[in-house]
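Q: Have a peek at query.json (JSON, C-alpha atoms).
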[["chain", "number", "residue", "atom", "x", "y", "z"],
["A", 7, "MET", "CA", -83.04, 128.45, 135.74],
["A", 8, "ARG", "CA", -82.27, 125.71, 133.23],
["A", 9, "ASP", "CA", -79.63, 124.34, 135.62],
["A", 10, "VAL", "CA", -82.08, 124.49, 138.52],
["A", 11, "GLY", "CA", -84.63, 122.61, 136.41],
["A", 12, "THR", "CA", -82.08, 119.91, 135.68],
["A", 13, "LEU", "CA", -81.36, 119.49, 139.39],
["A", 14, "LEU", "CA", -85.07, 119.30, 140.22],
["A", 15, "GLU", "CA", -85.58, 116.72, 137.47],
["A", 16, "ALA", "CA", -82.79, 114.61, 138.97],
["A", 17, "LEU", "CA", -84.10, 114.79, 142.55],
["A", 18, "PRO", "CA", -86.74, 112.01, 142.39],
["A", 19, "TYR", "CA", -84.25, 109.68, 140.70],
["A", 20, "ILE", "CA", -81.59, 110.40, 143.34],
["A", 21, "ARG", "CA", -84.18, 109.63, 146.00],
["A", 22, "GLU", "CA", -85.25, 106.40, 144.23],
["A", 23, "PHE", "CA", -81.69, 105.15, 143.73],
["A", 24, "HIS", "CA", -80.29, 106.14, 147.14],
["A", 25, "GLY", "CA", -78.57, 103.14, 148.71],
["A", 26, "LYS", "CA", -79.08, 101.02, 145.59],
["A", 27, "THR", "CA", -76.29, 99.06, 143.86],
["A", 28, "VAL", "CA", -75.57, 99.87, 140.22],
["A", 29, "VAL", "CA", -73.11, 97.71, 138.29],
["A", 30, "ILE", "CA", -71.43, 99.50, 135.38],
["A", 31, "LYS", "CA", -69.63, 97.66, 132.61],
["A", 32, "TYR", "CA", -66.95, 100.07, 131.44],
["A", 33, "GLY", "CA", -65.45, 99.70, 127.99],
["A", 34, "GLY", "CA", -65.28, 100.98, 124.44],
["A", 35, "ALA", "CA", -64.73, 104.64, 123.59],
["A", 36, "ALA", "CA", -65.47, 105.73, 127.15],
["A", 37, "MET", "CA", -62.29, 103.90, 128.13],
["A", 38, "GLU", "CA", -60.17, 104.87, 125.11],
["A", 39, "ASP", "CA", -60.80, 108.61, 124.74],
["A", 40, "ALA", "CA", -58.88, 110.73, 127.28],
["A", 41, "ALA", "CA", -61.67, 113.26, 127.83],
["A", 42, "LEU", "CA", -64.33, 110.56, 128.17],
["A", 43, "ARG", "CA", -62.18, 108.69, 130.69],
["A", 44, "GLU", "CA", -62.17, 111.75, 132.93],
["A", 45, "GLU", "CA", -65.92, 112.32, 132.49],
["A", 46, "PHE", "CA", -66.64, 108.70, 133.38],
["A", 47, "ALA", "CA", -64.57, 108.92, 136.56],
["A", 48, "ARG", "CA", -66.34, 112.12, 137.62],
["A", 49, "ASP", "CA", -69.74, 110.56, 136.91],
["A", 50, "VAL", "CA", -69.02, 107.45, 138.99],
["A", 51, "VAL", "CA", -67.68, 109.55, 141.86],
["A", 52, "LEU", "CA", -70.85, 111.66, 141.71],
["A", 53, "LEU", "CA", -72.98, 108.51, 141.97],
["A", 54, "LYS", "CA", -71.13, 107.56, 145.14],
["A", 55, "TYR", "CA", -71.52, 111.04, 146.62],
["A", 56, "VAL", "CA", -75.30, 111.13, 146.05],
["A", 57, "GLY", "CA", -75.79, 107.81, 147.80],
["A", 58, "LEU", "CA", -75.62, 105.10, 145.15],
["A", 59, "ASN", "CA", -73.33, 102.09, 145.40],
["A", 60, "PRO", "CA", -71.49, 101.96, 142.03],
["A", 61, "ILE", "CA", -69.45, 98.89, 141.09],
["A", 62, "VAL", "CA", -67.28, 99.07, 137.97],
["A", 63, "VAL", "CA", -66.54, 95.95, 135.91],
["A", 64, "HIS", "CA", -64.19, 96.51, 133.01],
["A", 65, "GLY", "CA", -62.64, 94.87, 130.03],
["A", 66, "GLY", "CA", -59.93, 96.33, 127.85],
["A", 67, "GLY", "CA", -60.26, 94.50, 124.57],
["A", 68, "PRO", "CA", -58.66, 97.08, 122.25],
["A", 69, "GLU", "CA", -55.65, 97.43, 124.53],
["A", 70, "ILE", "CA", -55.24, 93.65, 124.76],
["A", 71, "THR", "CA", -55.43, 93.46, 120.96],
["A", 72, "SER", "CA", -52.83, 96.22, 120.63],
["A", 73, "TYR", "CA", -50.37, 94.39, 122.89],
["A", 74, "MET", "CA", -50.99, 91.06, 121.14],
["A", 75, "GLU", "CA", -50.32, 92.62, 117.74],
["A", 76, "ARG", "CA", -47.13, 94.21, 119.03],
["A", 77, "LEU", "CA", -46.04, 90.76, 120.22],
["A", 78, "GLY", "CA", -46.95, 89.16, 116.88],
["A", 79, "MET", "CA", -49.73, 87.05, 118.39],
["A", 80, "PRO", "CA", -52.83, 86.04, 116.38],
["A", 81, "VAL", "CA", -56.07, 87.87, 117.22],
["A", 82, "GLU", "CA", -59.31, 85.97, 116.60],
["A", 83, "PHE", "CA", -62.91, 86.35, 117.77],
["A", 84, "VAL", "CA", -65.85, 83.94, 117.61],
["A", 85, "GLY", "CA", -69.32, 85.29, 118.38],
["A", 86, "GLY", "CA", -67.82, 88.37, 120.03],
["A", 87, "LEU", "CA", -65.54, 86.24, 122.27],
["A", 88, "ARG", "CA", -61.75, 86.38, 122.06],
["A", 89, "VAL", "CA", -60.15, 83.04, 121.22],
["A", 90, "SER", "CA", -57.67, 82.67, 124.10],
["A", 91, "SER", "CA", -54.59, 80.50, 124.30],
["A", 92, "ALA", "CA", -52.64, 80.30, 127.57],
["A", 93, "GLU", "CA", -50.36, 83.02, 126.16],
["A", 94, "THR", "CA", -53.36, 85.21, 125.31],
["A", 95, "VAL", "CA", -54.65, 84.93, 128.89],
["A", 96, "GLU", "CA", -51.21, 85.88, 130.21],
["A", 97, "VAL", "CA", -51.24, 89.06, 128.11],
["A", 98, "ALA", "CA", -54.85, 89.78, 129.09],
["A", 99, "LYS", "CA", -54.02, 89.54, 132.79],
["A", 100, "MET", "CA", -51.00, 91.79, 132.45],
["A", 101, "VAL", "CA", -53.01, 94.41, 130.55],
["A", 102, "LEU", "CA", -56.28, 94.24, 132.51],
["A", 103, "VAL", "CA", -55.02, 93.67, 136.05],
["A", 104, "GLY", "CA", -51.62, 95.33, 135.94],
["A", 105, "LYS", "CA", -52.40, 98.35, 133.78],
["A", 106, "VAL", "CA", -56.03, 99.16, 132.96],
["A", 107, "ASN", "CA", -57.45, 98.33, 136.39],
["A", 108, "LYS", "CA", -54.94, 100.49, 138.23],
["A", 109, "GLU", "CA", -55.46, 103.41, 135.84],
["A", 110, "ILE", "CA", -59.20, 103.35, 136.57],
["A", 111, "VAL", "CA", -58.59, 103.15, 140.33],
["A", 112, "LEU", "CA", -56.20, 106.10, 140.26],
["A", 113, "ARG", "CA", -58.58, 108.17, 138.14],
["A", 114, "LEU", "CA", -61.50, 107.63, 140.52],
["A", 115, "GLN", "CA", -59.31, 108.54, 143.46],
["A", 116, "ARG", "CA", -58.07, 111.66, 141.73],
["A", 117, "HIS", "CA", -61.69, 112.80, 141.39],
["A", 118, "GLY", "CA", -62.44, 112.31, 145.06],
["A", 119, "GLN", "CA", -63.43, 108.73, 145.94],
["A", 120, "PRO", "CA", -61.16, 105.91, 147.15],
["A", 121, "ALA", "CA", -61.33, 102.81, 144.97],
["A", 122, "VAL", "CA", -59.94, 99.28, 145.19],
["A", 123, "GLY", "CA", -58.96, 97.17, 142.19],
["A", 124, "LEU", "CA", -59.98, 93.51, 142.09],
["A", 125, "CYS", "CA", -59.92, 90.63, 139.65],
["A", 126, "GLY", "CA", -61.54, 87.22, 139.73],
["A", 127, "ASP", "CA", -58.52, 85.74, 141.52],
["A", 128, "ASP", "CA", -58.81, 88.05, 144.55],
["A", 129, "GLY", "CA", -60.59, 86.30, 147.42],
["A", 130, "SER", "CA", -61.78, 83.70, 144.88],
["A", 131, "LEU", "CA", -64.12, 86.36, 143.57],
["A", 132, "PHE", "CA", -64.93, 84.38, 140.39],
["A", 133, "ARG", "CA", -64.88, 80.64, 139.95],
["A", 134, "VAL", "CA", -65.05, 79.81, 136.27],
["A", 135, "ALA", "CA", -65.43, 76.86, 133.93],
["A", 136, "ARG", "CA", -64.25, 76.73, 130.35],
["A", 137, "ARG", "CA", -66.88, 77.65, 127.79],
["A", 138, "THR", "CA", -67.24, 77.18, 124.05],
["A", 139, "GLY", "CA", -68.27, 79.56, 121.30],
["A", 140, "PRO", "CA", -71.93, 80.09, 120.29],
["A", 141, "GLY", "CA", -71.68, 77.20, 117.82],
["A", 142, "GLY", "CA", -69.78, 74.88, 120.17],
["A", 143, "GLU", "CA", -66.38, 76.01, 118.87],
["A", 144, "ASP", "CA", -63.24, 75.51, 120.95],
["A", 145, "ILE", "CA", -62.15, 79.03, 121.91],
["A", 146, "GLY", "CA", -59.47, 78.08, 124.42],
["A", 147, "PHE", "CA", -59.12, 79.49, 127.92],
["A", 148, "VAL", "CA", -62.33, 81.51, 127.91],
["A", 149, "GLY", "CA", -64.29, 81.15, 131.11],
["A", 150, "THR", "CA", -67.92, 81.32, 132.05],
["A", 151, "ILE", "CA", -68.61, 82.33, 135.64],
["A", 152, "GLU", "CA", -70.02, 79.59, 137.86],
["A", 153, "ARG", "CA", -69.93, 81.50, 141.12],
["A", 154, "VAL", "CA", -69.39, 85.06, 142.37],
["A", 155, "ASN", "CA", -68.11, 85.47, 145.93],
["A", 156, "ILE", "CA", -70.21, 88.51, 146.77],
["A", 157, "GLY", "CA", -68.72, 88.78, 150.23],
["A", 158, "VAL", "CA", -65.51, 90.14, 148.72],
["A", 159, "ILE", "CA", -67.38, 92.85, 146.81],
["A", 160, "GLU", "CA", -69.65, 93.78, 149.70],
["A", 161, "HIS", "CA", -66.70, 94.08, 152.08],
["A", 162, "VAL", "CA", -64.85, 96.41, 149.70],
["A", 163, "ALA", "CA", -67.94, 98.39, 148.64],
["A", 164, "SER", "CA", -68.74, 99.41, 152.20],
["A", 165, "ASP", "CA", -65.87, 101.91, 152.06],
["A", 166, "TYR", "CA", -64.57, 101.97, 148.48],
["A", 167, "ILE", "CA", -65.63, 101.82, 144.86],
["A", 168, "PRO", "CA", -64.80, 98.28, 143.65],
["A", 169, "VAL", "CA", -63.16, 98.12, 140.20],
["A", 170, "ILE", "CA", -63.21, 94.57, 138.85],
["A", 171, "ALA", "CA", -61.09, 93.20, 135.97],
["A", 172, "SER", "CA", -62.68, 90.40, 133.96],
["A", 173, "VAL", "CA", -60.30, 87.48, 134.48],
["A", 174, "GLY", "CA", -60.65, 84.48, 136.78],
["A", 175, "ALA", "CA", -59.56, 80.92, 137.47],
["A", 176, "ASP", "CA", -61.14, 77.47, 137.44],
["A", 177, "ARG", "CA", -61.14, 74.91, 140.27],
["A", 178, "ASP", "CA", -57.63, 73.80, 139.34],
["A", 179, "GLY", "CA", -56.22, 77.34, 139.36],
["A", 180, "HIS", "CA", -55.96, 77.76, 135.58],
["A", 181, "SER", "CA", -56.49, 81.37, 134.51],
["A", 182, "HIS", "CA", -59.21, 82.21, 131.99],
["A", 183, "ASN", "CA", -60.19, 85.28, 130.04],
["A", 184, "ILE", "CA", -63.79, 86.28, 130.82],
["A", 185, "ASN", "CA", -65.96, 88.40, 128.59],
["A", 186, "ALA", "CA", -66.45, 91.64, 130.53],
["A", 187, "ASP", "CA", -70.14, 91.86, 129.61],
["A", 188, "GLU", "CA", -70.76, 88.42, 131.09],
["A", 189, "ALA", "CA", -68.76, 89.37, 134.19],
["A", 190, "ALA", "CA", -70.84, 92.52, 134.73],
["A", 191, "GLY", "CA", -74.10, 90.61, 134.34],
["A", 192, "ALA", "CA", -72.94, 87.88, 136.71],
["A", 193, "VAL", "CA", -71.82, 90.40, 139.35],
["A", 194, "ALA", "CA", -75.10, 92.30, 139.08],
["A", 195, "GLY", "CA", -77.16, 89.14, 139.35],
["A", 196, "ALA", "CA", -75.20, 87.74, 142.31],
["A", 197, "LEU", "CA", -75.48, 91.03, 144.21],
["A", 198, "GLY", "CA", -79.13, 91.55, 143.38],
["A", 199, "ALA", "CA", -78.19, 94.95, 141.93],
["A", 200, "TYR", "CA", -80.88, 97.47, 141.13],
["A", 201, "LYS", "CA", -79.48, 98.12, 137.66],
["A", 202, "VAL", "CA", -76.70, 96.95, 135.37],
["A", 203, "ILE", "CA", -75.43, 99.37, 132.74],
["A", 204, "PHE", "CA", -73.28, 98.55, 129.70],
["A", 205, "LEU", "CA", -71.29, 101.33, 128.01],
["A", 206, "THR", "CA", -70.57, 100.61, 124.37],
["A", 207, "ASP", "CA", -69.80, 102.35, 121.07],
["A", 208, "VAL", "CA", -73.28, 102.37, 119.53],
["A", 209, "PRO", "CA", -76.50, 104.17, 120.58],
["A", 210, "GLY", "CA", -77.86, 100.93, 122.05],
["A", 211, "TRP", "CA", -79.32, 97.73, 120.65],
["A", 212, "LEU", "CA", -79.86, 98.29, 116.93],
["A", 213, "ARG", "CA", -82.20, 95.89, 115.11],
["A", 214, "ASP", "CA", -80.15, 96.72, 112.02],
["A", 215, "PRO", "CA", -76.51, 97.34, 113.03],
["A", 216, "ALA", "CA", -76.06, 99.56, 109.96],
["A", 217, "ASP", "CA", -79.03, 101.79, 110.79],
["A", 218, "GLU", "CA", -78.98, 103.90, 113.97],
["A", 219, "ALA", "CA", -82.66, 104.69, 113.39],
["A", 220, "SER", "CA", -83.40, 101.04, 114.27],
["A", 221, "LEU", "CA", -82.54, 101.66, 117.93],
["A", 222, "VAL", "CA", -84.65, 99.60, 120.32],
["A", 223, "ARG", "CA", -85.39, 101.97, 123.18],
["A", 224, "GLN", "CA", -87.18, 99.45, 125.40],
["A", 225, "ALA", "CA", -87.56, 95.67, 125.26],
["A", 226, "GLY", "CA", -88.62, 92.77, 127.41],
["A", 227, "ALA", "CA", -86.24, 89.98, 128.28],
["A", 228, "GLU", "CA", -88.32, 87.54, 126.21],
["A", 229, "ASP", "CA", -87.93, 89.76, 123.13],
["A", 230, "VAL", "CA", -84.17, 89.68, 123.61],
["A", 231, "ARG", "CA", -84.08, 85.89, 124.06],
["A", 232, "ALA", "CA", -86.00, 85.46, 120.81],
["A", 233, "ALA", "CA", -83.52, 87.68, 118.95],
["A", 234, "LEU", "CA", -80.27, 86.15, 120.28],
["A", 235, "SER", "CA", -80.04, 83.33, 117.74],
["A", 236, "ASP", "CA", -79.85, 85.86, 114.90],
["A", 237, "LEU", "CA", -77.17, 88.02, 116.53],
["A", 238, "ASP", "CA", -73.41, 87.92, 116.16],
["A", 239, "GLY", "CA", -70.50, 90.11, 117.18],
["A", 240, "GLY", "CA", -70.09, 92.23, 120.29],
["A", 241, "MET", "CA", -73.78, 92.97, 120.89],
["A", 242, "ARG", "CA", -74.64, 89.32, 121.48],
["A", 243, "PRO", "CA", -72.71, 88.88, 124.76],
["A", 244, "LYS", "CA", -74.09, 92.21, 126.01],
["A", 245, "LEU", "CA", -77.68, 91.15, 125.42],
["A", 246, "GLU", "CA", -77.01, 87.70, 126.87],
["A", 247, "ALA", "CA", -75.62, 89.36, 129.98],
["A", 248, "CYS", "CA", -78.68, 91.63, 130.21],
["A", 249, "VAL", "CA", -81.03, 88.65, 130.13],
["A", 250, "GLU", "CA", -79.00, 86.64, 132.64],
["A", 251, "ALA", "CA", -78.92, 89.60, 135.04],
["A", 252, "ILE", "CA", -82.67, 90.13, 134.78],
["A", 253, "ASP", "CA", -83.29, 86.39, 135.29],
["A", 254, "ALA", "CA", -81.24, 86.69, 138.49],
["A", 255, "GLY", "CA", -83.44, 89.49, 139.81],
["A", 256, "VAL", "CA", -81.89, 92.73, 138.51],
["A", 257, "SER", "CA", -84.73, 95.17, 137.84],
["A", 258, "ALA", "CA", -83.38, 96.63, 134.57],
["A", 259, "ALA", "CA", -80.41, 96.47, 132.22],
["A", 260, "HIS", "CA", -79.31, 99.37, 130.05],
["A", 261, "ILE", "CA", -77.07, 99.55, 126.98],
["A", 262, "LEU", "CA", -75.73, 103.08, 126.51],
["A", 263, "ASP", "CA", -73.55, 104.95, 124.04],
["A", 264, "GLY", "CA", -70.34, 105.57, 125.94],
["A", 265, "ARG", "CA", -69.23, 108.04, 123.25],
["A", 266, "VAL", "CA", -71.82, 110.50, 124.59],
["A", 267, "PRO", "CA", -70.41, 112.51, 127.52],
["A", 268, "HIS", "CA", -72.27, 111.81, 130.78],
["A", 269, "SER", "CA", -74.52, 109.16, 129.19],
["A", 270, "LEU", "CA", -74.48, 107.40, 132.56],
["A", 271, "LEU", "CA", -75.99, 110.41, 134.33],
["A", 272, "LEU", "CA", -78.42, 111.12, 131.50],
["A", 273, "GLU", "CA", -79.83, 107.61, 131.77],
["A", 274, "LEU", "CA", -80.08, 107.55, 135.55],
["A", 275, "PHE", "CA", -81.16, 111.09, 136.37],
["A", 276, "THR", "CA", -83.26, 112.47, 133.49],
["A", 277, "ASP", "CA", -86.78, 111.74, 132.29],
["A", 278, "ALA", "CA", -85.77, 111.10, 128.69],
["A", 279, "GLY", "CA", -83.01, 108.56, 129.31],
["A", 280, "VAL", "CA", -80.76, 107.29, 126.54],
["A", 281, "GLY", "CA", -79.94, 103.99, 124.86],
["A", 282, "THR", "CA", -81.79, 100.69, 125.32],
["A", 283, "LYS", "CA", -83.59, 99.59, 128.48],
["A", 284, "ILE", "CA", -84.35, 95.89, 129.00],
["A", 285, "GLU", "CA", -86.74, 94.65, 131.70],
["A", 286, "GLU", "CA", -88.45, 91.39, 132.57],
["A", 287, "ALA", "CA", -91.61, 92.49, 130.76],
["A", 288, "THR", "CA", -92.67, 95.60, 128.83]]
Translate this structure into structure tokens?

A:
Amino acid sequence: MRDVGTLLEALPYIREFHGKTVVIKYGGAAMEDAALREEFARDVVLLKYVGLNPIVVHGGGPEITSYMERLGMPVEFVGGLRVSSAETVEVAKMVLVGKVNKEIVLRLQRHGQPAVGLCGDDGSLFRVARRTGPGGEDIGFVGTIERVNIGVIEHVASDYIPVIASVGADRDGHSHNINADEAAGAVAGALGAYKVIFLTDVPGWLRDPADEASLVRQAGAEDVRAALSDLDGGMRPKLEACVEAIDAGVSAAHILDGRVPHSLLLELFTDAGVGTKIEEAT
């Protein structure tokens, strides 16, 4: 009866989300732990089967760092953004496009749904311009997305689950590393997605990063904007991406703990939900 109750609880959410686009930024522990990788793939496949339109945008920061360290390359971050030389971008493309992306595609297919891997270069999916760090610092070949060619995604998503690696090129064809959180927010905003969801390694947005009891369960976009100037590290680009997506018309952005099995399903299909939910107004 408990299982029946769970299904009945999920029913109104399945009905509400049917046919809606949900952009999922995949990263952190959910990508690194073998068991969580399988759970994530099953969850995304389930979303497709019950009528949602899931789109996966991924990074792969720890794996890029691992390869850079093995090659003796310096690893540096500013405001949660990887400082990227031309050599760094080359490694990032090899890891993200050639390895991580294809592993995700194969995992989704193994669990029952065909998927297609993309990056910002495919069909001119992303056009980027070079950006600076939060304080105006030169951080190299790090791009900010100027345009998303949604036609590429829509064409693929009609039959497949799109899996998008966060790299792209500028007008002159120079490759740039793109923060995966920004990429997910930009994709969600361009598509007019119903929701954008960020999987991370903390319970959500913590007012005090050292205190999990300071979890913000719900916030308005204005509250987030006001807090951004005091934030540093990996949470800042996530919250910036949430605000940008909401400004572009996305109804809600969620930051979830990817270390929790099935956190994606718990947020979408249960009354309690998990993590932090950000909307235009609360």

Q: What does the distance between atom CA of Gly126 of chain A and atom CA of Ala196 of chain A come to in Å, to one decimal place?

A: 13.9 Å

Q: Quick one: of A:His268, A:Glu250, A:Thr150, A:Ser90, who's nearest to Phe46 of chain A, counting all atoms listed in the file?

A: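 For Phe46 of chain A, the nearest of the candidates is A:His268.
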
Q: Write out as an MDAnalysis selection string which residues come within 8 Å of Trp211 of chain A when counting only C-alpha atoms, dropping same-chain ones fewer than 6 positions away.

A: chainID A and resid 221:223 241 261 281:282

Q: Just C-alpha atoms for this one: save the residues we selected as a PDB file, keeping the file's coordinate frame.

A:
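Output file selection.pdb is given in full below:
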ATOM      1  CA  LEU A 221     -82.540 101.660 117.930  1.00  0.00           C
ATOM      2  CA  VAL A 222     -84.650  99.600 120.320  1.00  0.00           C
ATOM      3  CA  ARG A 223     -85.390 101.970 123.180  1.00  0.00           C
ATOM      4  CA  MET A 241     -73.780  92.970 120.890  1.00  0.00           C
ATOM      5  CA  ILE A 261     -77.070  99.550 126.980  1.00  0.00           C
ATOM      6  CA  GLY A 281     -79.940 103.990 124.860  1.00  0.00           C
ATOM      7  CA  THR A 282     -81.790 100.690 125.320  1.00  0.00           C
TER       8      THR A 282
END

Q: Taking into account all atoms listed in the file, which residue in the set A:Gly67, A:Gly85, A:Gly11, A:Pro18 is nearest to Ser235 of chain A?

A: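 Comparing A:Gly67, A:Gly85, A:Gly11, A:Pro18 against Ser235 of chain A, the winner is A:Gly85.
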
Q: Within 10 Å of Glu246 of chain A, counting only C-alpha atoms, which residues qualify if same-chain residues fewer than 3 places away don't, as a PDB file with C-alpha atoms, in the coordinates of the input?

A:
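In the end it all went to part_17.pdb:
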ATOM      1  CA  ASP A 187     -70.140  91.860 129.610  1.00  0.00           C
ATOM      2  CA  GLU A 188     -70.760  88.420 131.090  1.00  0.00           C
ATOM      3  CA  GLY A 191     -74.100  90.610 134.340  1.00  0.00           C
ATOM      4  CA  ALA A 227     -86.240  89.980 128.280  1.00  0.00           C
ATOM      5  CA  VAL A 230     -84.170  89.680 123.610  1.00  0.00           C
ATOM      6  CA  ARG A 231     -84.080  85.890 124.060  1.00  0.00           C
ATOM      7  CA  LEU A 234     -80.270  86.150 120.280  1.00  0.00           C
ATOM      8  CA  MET A 241     -73.780  92.970 120.890  1.00  0.00           C
ATOM      9  CA  ARG A 242     -74.640  89.320 121.480  1.00  0.00           C
ATOM     10  CA  PRO A 243     -72.710  88.880 124.760  1.00  0.00           C
ATOM     11  CA  VAL A 249     -81.030  88.650 130.130  1.00  0.00           C
ATOM     12  CA  GLU A 250     -79.000  86.640 132.640  1.00  0.00           C
ATOM     13  CA  ALA A 251     -78.920  89.600 135.040  1.00  0.00           C
TER      14      ALA A 251
END

Q: Tell me which protein, DNA and RNA residues are within 10 Å of Gly239 of chain A, counting all atoms listed in the file, leaving out same-chain ones fewer than 6 positions away, and put them as a ChimeraX atom specification.

A: /A:83-87

Q: Between A:Ala121, A:Ile151, A:Ala192, A:Val134, which is the closest to Tyr166 of chain A once you count all atoms listed in the file?

A: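 Checking each of A:Ala121, A:Ile151, A:Ala192, A:Val134 against Tyr166 of chain A, counting all atoms listed in the file, the winner is A:Ala121.
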
Q: Just checking: using only C-alpha atoms, which residue out of A:Thr12, A:Glu44, A:Val193, A:Ile284 ends up closest to Glu228 of chain A?

A: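 Counting only C-alpha atoms, the residue closest to Glu228 of chain A is A:Ile284.
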
Q: Neighbouring residues of Glu143 of chain A were defined as those with any atom within 12 Å, considering only C-alpha atoms; residues of the same chain fewer than 2 positions away were excluded. Please report them as a tab-separated table (two decimals) with C-alpha atoms, in the coordinates of the input.

A:
chain	number	residue	atom	x	y	z
A	83	PHE	CA	-62.91	86.35	117.77
A	84	VAL	CA	-65.85	83.94	117.61
A	85	GLY	CA	-69.32	85.29	118.38
A	87	LEU	CA	-65.54	86.24	122.27
A	88	ARG	CA	-61.75	86.38	122.06
A	89	VAL	CA	-60.15	83.04	121.22
A	136	ARG	CA	-64.25	76.73	130.35
A	137	ARG	CA	-66.88	77.65	127.79
A	138	THR	CA	-67.24	77.18	124.05
A	139	GLY	CA	-68.27	79.56	121.30
A	140	PRO	CA	-71.93	80.09	120.29
A	141	GLY	CA	-71.68	77.20	117.82
A	145	ILE	CA	-62.15	79.03	121.91
A	146	GLY	CA	-59.47	78.08	124.42
A	148	VAL	CA	-62.33	81.51	127.91

Q: Would you kindly return, as a PyMOL selection string, each protein, DNA or RNA residue with an atom no farther than 12 Å from any atom of Ile156 of chain A, considering only C-alpha atoms and excluding same-chain residues fewer than 4 positions away?

A: chain A and resi 61+126+128-133+160-163+168+192-199

Q: So which one's closest to Ala278 of chain A, A:Val10, A:Val111, A:Ala16, A:Cys125? Using all atoms listed in the file, please.

A: A:Ala16

Q: Atom CA of Glu69 of chain A and atom CA of Glu45 of chain A are how many Å apart?

A: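 The value is 19.8 Å.
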
Q: Rounded to one decimal place, report the atom CA of Leu77 of chain A-atom CA of Glu109 of chain A distance in Å.

A: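 Value for the atom CA of Leu77 of chain A-atom CA of Glu109 of chain A distance: 22.2 Å.
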
Q: I need every residue sitting at most 8 Å from the point (-76.4, 94.8, 132.0) (coordinates as in the file, all atoms listed in the file considered), written as a list in words.

A: Val29, Ile30, Lys31, Asp187, Ala190, Gly191, Ala194, Lys201, Val202, Ile203, Phe204, Lys244, Leu245, Ala247, Cys248, Val249, Ala251, Ala258, Ala259, His260 and Ile261 of chain A

Q: Determine, using only C-alpha atoms, which residues of segment 53-145 of chain A have any atom at most 7 Å from an atom of segment 22-27 of chain A, and tabulate each with its shortest atom pair and distance in Å to one decimal place, rows ordered by chain and then rising number, as CSV.

A:
residue,atom,partner,partner_atom,distance
A:Gly57,CA,A:His24,CA,4.8
A:Leu58,CA,A:Gly25,CA,5.0
A:Asn59,CA,A:Thr27,CA,4.5
A:Pro60,CA,A:Thr27,CA,5.9

Q: Selected residues, C-alpha atoms, written as a PDB file, in the frame of the given file, please.

A:
ATOM      1  CA  GLY A  57     -75.790 107.810 147.800  1.00  0.00           C
ATOM      2  CA  LEU A  58     -75.620 105.100 145.150  1.00  0.00           C
ATOM      3  CA  ASN A  59     -73.330 102.090 145.400  1.00  0.00           C
ATOM      4  CA  PRO A  60     -71.490 101.960 142.030  1.00  0.00           C
TER       5      PRO A  60
END

Q: How big is the axis-aligned box, and where does its centre sit, when it encloses all atoms of segment 185-193 of chain A listed in the file and has 5 Å added on every side, reported in Å to one decimal as AutoDock Vina command-line options?

A:
--center_x -70.0 --center_y 90.2 --center_z 134.0 --size_x 18.1 --size_y 14.6 --size_z 20.8

Q: Smallest atom-to-atom distance to Phe147 of chain A: which of A:Asp127, A:Asp176, A:Val103, A:Leu53, using all atoms listed in the file?

A: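 For Phe147 of chain A, the nearest of the candidates is A:Asp176.
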